[in-house]
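Asker: Take a look at this one; I'll ask things after.
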Amino acid sequence: MTLVQMQPGSTDATAAGRTVADAMETAGPQVCNDMTVEVALSVMASARTGHLLVCDDSGLCIGLVTQSQLAAVRDGSAYSDRVQLRDILGDRGPFTSPVTTMVEAGHMMCHSEVDALPVVDEHGSALGVLALAR
């Protein structure tokens, strides 16, 4: 796996100087944490995206959900149509900053075992998403 938009044939020295801002995707769809899993899956399908940024009532990014996460919840034995995104997010994060180096972000993603990270500003507002390309 490689981080999105990495230059083909880039060296470690080149990658070390690149920041998340150089490679992140635009934020895309942002939804409120009171949205149900079914509605979130529908929004993803309509937007043709594999993830959604989840915000709290103040508009601050509190996490990211993926289509595979939501499908696993929907297929679980404890699922009901009332399950909201806030019920499945758990702790906030992980997040990254646009000034984080690509090397640092790659290590964070590896250790957190995630395929995508929300990119937030110093106030917690979503700026974009850093995702792994397959």
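Labels for the structure tokens follow display order: chains A, B, ..., residues from 1 in each chain, ligands from 1.
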Please report, as a VMD selection string, each residue of chain A to which DSSP assigns alpha helix (DSSP H) when run on this structure's backbone.

Answerer: chain A and resid 12 to 17 20 to 23 37 to 47 67 to 74 85 to 89 102 to 112

Asker: Using the selection just defined, write its residues with C-alpha atoms as a PDB file, in the first residue's frame.

Answerer:
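For reference, selection_36.pdb as written:
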ATOM      1  CA  ASP A  12      12.466   8.405   0.950  1.00  0.00           C
ATOM      2  CA  ALA A  13      14.307  11.717   1.071  1.00  0.00           C
ATOM      3  CA  THR A  14      11.697  13.316  -1.194  1.00  0.00           C
ATOM      4  CA  ALA A  15       8.791  11.785   0.727  1.00  0.00           C
ATOM      5  CA  ALA A  16      10.275  12.925   4.041  1.00  0.00           C
ATOM      6  CA  GLY A  17       9.891  16.578   3.022  1.00  0.00           C
ATOM      7  CA  VAL A  20      -0.053  15.763   4.418  1.00  0.00           C
ATOM      8  CA  ALA A  21      -1.304  18.974   2.768  1.00  0.00           C
ATOM      9  CA  ASP A  22       0.541  17.902  -0.403  1.00  0.00           C
ATOM     10  CA  ALA A  23      -1.318  14.579  -0.631  1.00  0.00           C
ATOM     11  CA  VAL A  37     -25.918   3.812   9.801  1.00  0.00           C
ATOM     12  CA  GLU A  38     -28.482   3.189   7.043  1.00  0.00           C
ATOM     13  CA  VAL A  39     -28.635   6.857   6.068  1.00  0.00           C
ATOM     14  CA  ALA A  40     -24.820   7.112   6.171  1.00  0.00           C
ATOM     15  CA  LEU A  41     -24.527   4.135   3.809  1.00  0.00           C
ATOM     16  CA  SER A  42     -27.022   5.799   1.484  1.00  0.00           C
ATOM     17  CA  VAL A  43     -25.057   9.077   1.556  1.00  0.00           C
ATOM     18  CA  MET A  44     -21.863   7.151   0.738  1.00  0.00           C
ATOM     19  CA  ALA A  45     -23.517   5.408  -2.184  1.00  0.00           C
ATOM     20  CA  SER A  46     -24.901   8.688  -3.531  1.00  0.00           C
ATOM     21  CA  ALA A  47     -21.549  10.451  -3.158  1.00  0.00           C
ATOM     22  CA  GLN A  67     -18.208   1.728   4.111  1.00  0.00           C
ATOM     23  CA  SER A  68     -16.708  -1.516   5.399  1.00  0.00           C
ATOM     24  CA  GLN A  69     -17.084  -0.374   9.031  1.00  0.00           C
ATOM     25  CA  LEU A  70     -20.728   0.532   8.500  1.00  0.00           C
ATOM     26  CA  ALA A  71     -21.471  -2.683   6.624  1.00  0.00           C
ATOM     27  CA  ALA A  72     -19.941  -4.708   9.473  1.00  0.00           C
ATOM     28  CA  VAL A  73     -22.111  -2.868  12.016  1.00  0.00           C
ATOM     29  CA  ARG A  74     -25.233  -3.346   9.880  1.00  0.00           C
ATOM     30  CA  LEU A  85     -22.718   7.058  13.970  1.00  0.00           C
ATOM     31  CA  ARG A  86     -21.866   8.374  17.453  1.00  0.00           C
ATOM     32  CA  ASP A  87     -22.664   4.875  18.763  1.00  0.00           C
ATOM     33  CA  ILE A  88     -19.942   3.257  16.675  1.00  0.00           C
ATOM     34  CA  LEU A  89     -17.181   5.888  16.599  1.00  0.00           C
ATOM     35  CA  MET A 102       3.990  12.046   4.954  1.00  0.00           C
ATOM     36  CA  VAL A 103       6.451   9.769   6.741  1.00  0.00           C
ATOM     37  CA  GLU A 104       4.931  10.600  10.146  1.00  0.00           C
ATOM     38  CA  ALA A 105       1.390  10.170   8.796  1.00  0.00           C
ATOM     39  CA  GLY A 106       2.339   6.813   7.278  1.00  0.00           C
ATOM     40  CA  HIS A 107       3.670   5.606  10.623  1.00  0.00           C
ATOM     41  CA  MET A 108       0.536   6.853  12.376  1.00  0.00           C
ATOM     42  CA  MET A 109      -1.714   5.014   9.920  1.00  0.00           C
ATOM     43  CA  CYS A 110       0.320   1.835  10.263  1.00  0.00           C
ATOM     44  CA  HIS A 111       0.280   1.881  14.069  1.00  0.00           C
ATOM     45  CA  SER A 112      -3.400   2.850  14.221  1.00  0.00           C
TER      46      SER A 112
END

Asker: Determine which residues of range 23-107 of chain A receive a DSSP assignment of strand (DSSP E or B), computed from the backbone, and state them as a PyMOL selection string.

Answerer: chain A and resi 25-26+30-32+36+51-55+61-66+84+96+101

Asker: Give me the residues near Cys55 in chain A as a VMD selection string, where near means some atom within 7 Å (using only C-alpha atoms) and where sequence neighbours in that chain fewer than 2 positions away do not count.

Answerer: chain A and resid 30 to 33 53 57 59 to 62

Asker: Could you name the residues that touch Thr96 in chain A at 8 Å or less, counting only C-alpha atoms, but leaving out those on the same chain fewer than 3 positions away, as a PyMOL selection string?

Answerer: chain A and resi 20+100+105+117-120
